[in-house]
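Source file: input_29.txt. Holds: compact mmCIF, C-alpha atoms.
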# COMPACT_ATOMS: atom_id res chain seq x y z
CA MET A 1 14.90 -18.74 -21.57
CA LYS A 2 15.80 -19.44 -17.97
CA THR A 3 12.94 -21.93 -17.73
CA LEU A 4 14.61 -24.08 -20.41
CA GLY A 5 17.67 -24.64 -18.26
CA GLU A 6 21.19 -23.42 -17.69
CA GLY A 7 23.76 -22.74 -20.39
CA LEU A 8 21.36 -21.63 -23.13
CA VAL A 9 22.81 -18.14 -23.36
CA ASN A 10 26.40 -17.03 -23.77
CA SER A 11 28.21 -14.52 -21.56
CA HIS A 12 26.82 -11.66 -23.67
CA GLY A 13 23.21 -12.82 -23.26
CA TYR A 14 22.72 -14.29 -26.73
CA VAL A 15 20.85 -17.58 -27.20
CA LYS A 16 23.04 -20.47 -28.38
CA VAL A 17 21.69 -22.04 -31.57
CA THR A 18 22.76 -24.76 -33.99
CA GLU A 19 23.34 -24.21 -37.70
CA HIS A 20 19.62 -24.98 -38.10
CA LEU A 21 18.77 -22.08 -35.73
CA GLU A 22 17.50 -24.64 -33.25
CA ILE A 23 18.20 -23.85 -29.61
CA SER A 24 21.06 -26.08 -28.51
CA GLY A 25 19.78 -29.13 -26.64
CA HIS A 26 16.10 -28.38 -27.35
CA PRO A 27 14.82 -30.14 -30.47
CA GLY A 28 11.96 -28.28 -32.13
CA VAL A 29 12.64 -24.99 -30.35
CA PHE A 30 14.04 -22.37 -32.71
CA ALA A 31 15.31 -18.82 -32.32
CA LEU A 32 16.07 -16.02 -34.74
CA GLY A 33 16.76 -12.33 -34.82
CA ASP A 34 18.92 -10.23 -32.54
CA ILE A 35 18.81 -12.77 -29.70
CA ILE A 36 20.85 -15.50 -31.40
CA ASP A 37 24.52 -16.16 -30.78
CA TRP A 38 25.66 -15.86 -34.40
CA ASN A 39 28.83 -14.18 -35.62
CA GLU A 40 27.23 -11.40 -37.67
CA GLN A 41 25.85 -7.92 -37.15
CA LYS A 42 22.44 -7.66 -35.52
CA GLN A 43 20.33 -6.14 -38.31
CA ALA A 44 16.63 -6.38 -39.14
CA ALA A 45 17.50 -7.14 -42.78
CA LYS A 46 18.90 -10.52 -41.73
CA GLY A 47 15.53 -11.63 -40.40
CA GLY A 48 14.22 -12.68 -43.80
CA ALA A 49 16.93 -15.27 -44.32
CA GLN A 50 16.55 -16.50 -40.74
CA VAL A 51 12.76 -16.82 -41.06
CA GLY A 52 13.20 -19.00 -44.15
CA VAL A 53 15.52 -21.36 -42.29
CA VAL A 54 13.36 -21.55 -39.17
CA THR A 55 10.15 -22.06 -41.18
CA ALA A 56 11.62 -24.92 -43.23
CA ASN A 57 13.10 -26.58 -40.17
CA LEU A 58 9.96 -26.16 -38.07
CA LEU A 59 7.88 -27.77 -40.83
CA SER A 60 10.38 -30.64 -40.97
CA PHE A 61 10.18 -31.05 -37.21
CA VAL A 62 6.38 -31.18 -37.04
CA SER A 63 6.33 -33.75 -39.85
CA GLY A 64 8.70 -35.96 -37.87
CA ALA A 65 11.85 -35.26 -39.89
CA GLU A 66 15.17 -33.78 -38.79
CA PRO A 67 15.86 -30.12 -39.58
CA LYS A 68 17.78 -29.88 -42.86
CA LYS A 69 18.00 -26.22 -43.81
CA VAL A 70 21.23 -24.57 -42.65
CA TYR A 71 21.67 -20.89 -41.87
CA LYS A 72 24.93 -19.68 -43.38
CA GLY A 73 24.53 -16.05 -42.43
CA SER A 74 23.68 -13.20 -44.75
CA PRO A 75 25.61 -10.29 -46.23
CA GLU A 76 26.58 -7.42 -44.00
CA LEU A 77 24.76 -4.24 -44.99
CA ILE A 78 25.16 -0.56 -44.40
CA VAL A 79 22.57 2.07 -45.18
CA ILE A 80 23.57 5.68 -45.44
CA PRO A 81 20.70 8.14 -45.73
CA ILE A 82 21.62 11.10 -47.90
CA GLY A 83 18.44 13.11 -47.55
CA LYS A 84 16.44 14.72 -50.34
CA VAL A 85 18.07 15.05 -53.70
CA CYS A 86 17.17 18.23 -55.57
CA VAL A 87 17.99 18.70 -59.20
CA HIS A 88 17.91 22.18 -60.69
CA ILE A 89 17.32 22.35 -64.44
CA PRO A 90 17.91 25.82 -65.93
CA MET A 91 14.88 27.11 -67.87
CA ASP A 92 16.98 28.66 -70.65
CA MET A 93 18.05 25.33 -72.09

Since I need it in another form, could you write the structure as structure tokens?
Amino acid sequence: MKTLGEGLVNSHGYVKVTEHLEISGHPGVFALGDIIDWNEQKQAAKGGAQVGVVTANLLSFVSGAEPKKVYKGSPELIVIPIGKVCVHIPMDM
């Protein structure tokens, strides 16, 4: 990132992107995942929505059009593992 110039990352080390997930000031260069400066939790589950936005916008860019697809974030998730579930059915039923 440092080779692209100053001011591309915020004070926390996240890459600044537009609503199209394009790196600010660098048309056709996109970022996604845990590195982006986006106000949401950093979770692998969010990657799918981000990939869809980047793919659509990258295809627009290579065809000479402006990026159109906007990333609006995705729902916050929590996963709580509860381990194995055992059910005991009495034999005398």

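The shortest atom-to-atom distance to Lys42 (chain A), with all atoms listed in the file taken into account, belongs to A:Ser74 out of A:Asn10, A:Ser74, A:Thr18, A:Thr3.
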
Neighbours of point (19.8, -16.9, -32.2) within 9 Å, using only C-alpha atoms, written as a VMD selection string: chain A and resid 14 to 18 21 to 23 30 to 38

Residue nearest Gly73 (chain A) - candidates A:Thr55, A:Gln41, A:Ser60, A:Ser24, atoms counted: all atoms listed in the file: A:Gln41

Straight-line distance linking CA of Asn57 (chain A) with CA of His20 (chain A), stated in Å to one decimal: 7.0 Å

Pairwise distance for CA of Gly25 (chain A) and CA of Val51 (chain A), rounded to one decimal in Å: 20.2 Å

Work out where the centre of an axis-aligned box around every listed atom of region 12-22 of chain A lies and how long its edges are once 4 Å is added on each side; give both in Å to one decimal as lines of an AutoDock Vina configuration file.
center_x = 22.2
center_y = -18.3
center_z = -30.7
size_x = 17.3
size_y = 21.3
size_z = 22.8

Near-Pro27 (chain A) list (10 Å; only C-alpha atoms; drop same-chain fewer than 6 positions) as a ChimeraX atom specification: /A:58,61,66-67

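Taking all atoms listed in the file into account, Gly47 (chain A) lies nearest to A:Tyr71 out of the set A:Gly7, A:His12, A:Tyr71, A:Val29.
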
For CA of Val70 (chain A) and CA of Gln43 (chain A), the interatomic separation in Å (one decimal): 19.0 Å

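For the choices A:Gly5, A:Gly28, A:Pro75, A:Gly13, the atom-to-atom distance to Lys46 (chain A) is smallest for A:Pro75 when using all atoms listed in the file.
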
Take region 42-53 of chain A, model all heavy atoms, and hand the result over as a PDB file, keeping the file's coordinate frame.
ATOM      1  N   LYS A  42      23.865  -7.537 -35.855  1.00  0.00           N
ATOM      2  CA  LYS A  42      22.440  -7.660 -35.520  1.00  0.00           C
ATOM      3  C   LYS A  42      21.693  -6.601 -36.332  1.00  0.00           C
ATOM      4  O   LYS A  42      21.738  -5.418 -36.025  1.00  0.00           O
ATOM      5  CB  LYS A  42      22.217  -7.441 -34.022  1.00  0.00           C
ATOM      6  CG  LYS A  42      23.059  -8.334 -33.121  1.00  0.00           C
ATOM      7  CD  LYS A  42      22.817  -9.798 -33.378  1.00  0.00           C
ATOM      8  CE  LYS A  42      23.628 -10.662 -32.435  1.00  0.00           C
ATOM      9  NZ  LYS A  42      23.729 -12.021 -32.886  1.00  0.00           N
ATOM     10  N   GLN A  43      21.045  -7.036 -37.410  1.00  0.00           N
ATOM     11  CA  GLN A  43      20.330  -6.140 -38.310  1.00  0.00           C
ATOM     12  C   GLN A  43      18.989  -6.744 -38.696  1.00  0.00           C
ATOM     13  O   GLN A  43      18.898  -7.953 -38.959  1.00  0.00           O
ATOM     14  CB  GLN A  43      21.138  -5.893 -39.590  1.00  0.00           C
ATOM     15  CG  GLN A  43      22.474  -5.228 -39.355  1.00  0.00           C
ATOM     16  CD  GLN A  43      23.312  -5.157 -40.623  1.00  0.00           C
ATOM     17  OE1 GLN A  43      23.195  -6.009 -41.497  1.00  0.00           O
ATOM     18  NE2 GLN A  43      24.149  -4.142 -40.712  1.00  0.00           N
ATOM     19  N   ALA A  44      17.967  -5.914 -38.780  1.00  0.00           N
ATOM     20  CA  ALA A  44      16.630  -6.380 -39.140  1.00  0.00           C
ATOM     21  C   ALA A  44      16.618  -7.047 -40.516  1.00  0.00           C
ATOM     22  O   ALA A  44      15.864  -7.991 -40.749  1.00  0.00           O
ATOM     23  CB  ALA A  44      15.643  -5.215 -39.115  1.00  0.00           C
ATOM     24  N   ALA A  45      17.468  -6.592 -41.421  1.00  0.00           N
ATOM     25  CA  ALA A  45      17.500  -7.140 -42.780  1.00  0.00           C
ATOM     26  C   ALA A  45      17.858  -8.619 -42.801  1.00  0.00           C
ATOM     27  O   ALA A  45      17.534  -9.324 -43.753  1.00  0.00           O
ATOM     28  CB  ALA A  45      18.499  -6.342 -43.624  1.00  0.00           C
ATOM     29  N   LYS A  46      18.501  -9.115 -41.779  1.00  0.00           N
ATOM     30  CA  LYS A  46      18.900 -10.520 -41.730  1.00  0.00           C
ATOM     31  C   LYS A  46      17.728 -11.428 -41.353  1.00  0.00           C
ATOM     32  O   LYS A  46      17.786 -12.633 -41.545  1.00  0.00           O
ATOM     33  CB  LYS A  46      20.049 -10.702 -40.755  1.00  0.00           C
ATOM     34  CG  LYS A  46      21.273  -9.917 -41.234  1.00  0.00           C
ATOM     35  CD  LYS A  46      22.436 -10.098 -40.336  1.00  0.00           C
ATOM     36  CE  LYS A  46      23.594  -9.267 -40.777  1.00  0.00           C
ATOM     37  NZ  LYS A  46      24.186  -9.645 -42.030  1.00  0.00           N
ATOM     38  N   GLY A  47      16.679 -10.852 -40.835  1.00  0.00           N
ATOM     39  CA  GLY A  47      15.530 -11.630 -40.400  1.00  0.00           C
ATOM     40  C   GLY A  47      14.888 -12.463 -41.486  1.00  0.00           C
ATOM     41  O   GLY A  47      14.434 -13.574 -41.230  1.00  0.00           O
ATOM     42  N   GLY A  48      14.843 -11.948 -42.702  1.00  0.00           N
ATOM     43  CA  GLY A  48      14.220 -12.680 -43.800  1.00  0.00           C
ATOM     44  C   GLY A  48      14.883 -14.015 -44.060  1.00  0.00           C
ATOM     45  O   GLY A  48      14.206 -15.040 -44.215  1.00  0.00           O
ATOM     46  N   ALA A  49      16.195 -14.022 -44.104  1.00  0.00           N
ATOM     47  CA  ALA A  49      16.930 -15.270 -44.320  1.00  0.00           C
ATOM     48  C   ALA A  49      16.746 -16.218 -43.135  1.00  0.00           C
ATOM     49  O   ALA A  49      16.605 -17.428 -43.310  1.00  0.00           O
ATOM     50  CB  ALA A  49      18.413 -14.986 -44.548  1.00  0.00           C
ATOM     51  N   GLN A  50      16.720 -15.674 -41.936  1.00  0.00           N
ATOM     52  CA  GLN A  50      16.550 -16.500 -40.740  1.00  0.00           C
ATOM     53  C   GLN A  50      15.147 -17.098 -40.685  1.00  0.00           C
ATOM     54  O   GLN A  50      14.976 -18.269 -40.335  1.00  0.00           O
ATOM     55  CB  GLN A  50      16.840 -15.677 -39.489  1.00  0.00           C
ATOM     56  CG  GLN A  50      18.286 -15.242 -39.397  1.00  0.00           C
ATOM     57  CD  GLN A  50      18.531 -14.268 -38.260  1.00  0.00           C
ATOM     58  OE1 GLN A  50      17.627 -13.900 -37.511  1.00  0.00           O
ATOM     59  NE2 GLN A  50      19.779 -13.831 -38.133  1.00  0.00           N
ATOM     60  N   VAL A  51      14.142 -16.323 -41.059  1.00  0.00           N
ATOM     61  CA  VAL A  51      12.760 -16.820 -41.060  1.00  0.00           C
ATOM     62  C   VAL A  51      12.626 -17.994 -42.018  1.00  0.00           C
ATOM     63  O   VAL A  51      11.960 -18.989 -41.706  1.00  0.00           O
ATOM     64  CB  VAL A  51      11.765 -15.693 -41.425  1.00  0.00           C
ATOM     65  CG1 VAL A  51      10.394 -16.249 -41.783  1.00  0.00           C
ATOM     66  CG2 VAL A  51      11.639 -14.711 -40.288  1.00  0.00           C
ATOM     67  N   GLY A  52      13.263 -17.899 -43.193  1.00  0.00           N
ATOM     68  CA  GLY A  52      13.200 -19.000 -44.150  1.00  0.00           C
ATOM     69  C   GLY A  52      13.779 -20.289 -43.600  1.00  0.00           C
ATOM     70  O   GLY A  52      13.224 -21.372 -43.816  1.00  0.00           O
ATOM     71  N   VAL A  53      14.877 -20.176 -42.886  1.00  0.00           N
ATOM     72  CA  VAL A  53      15.520 -21.360 -42.290  1.00  0.00           C
ATOM     73  C   VAL A  53      14.649 -21.931 -41.174  1.00  0.00           C
ATOM     74  O   VAL A  53      14.391 -23.138 -41.131  1.00  0.00           O
ATOM     75  CB  VAL A  53      16.934 -21.004 -41.763  1.00  0.00           C
ATOM     76  CG1 VAL A  53      17.521 -22.137 -40.939  1.00  0.00           C
ATOM     77  CG2 VAL A  53      17.852 -20.648 -42.925  1.00  0.00           C
TER      78      VAL A  53
END
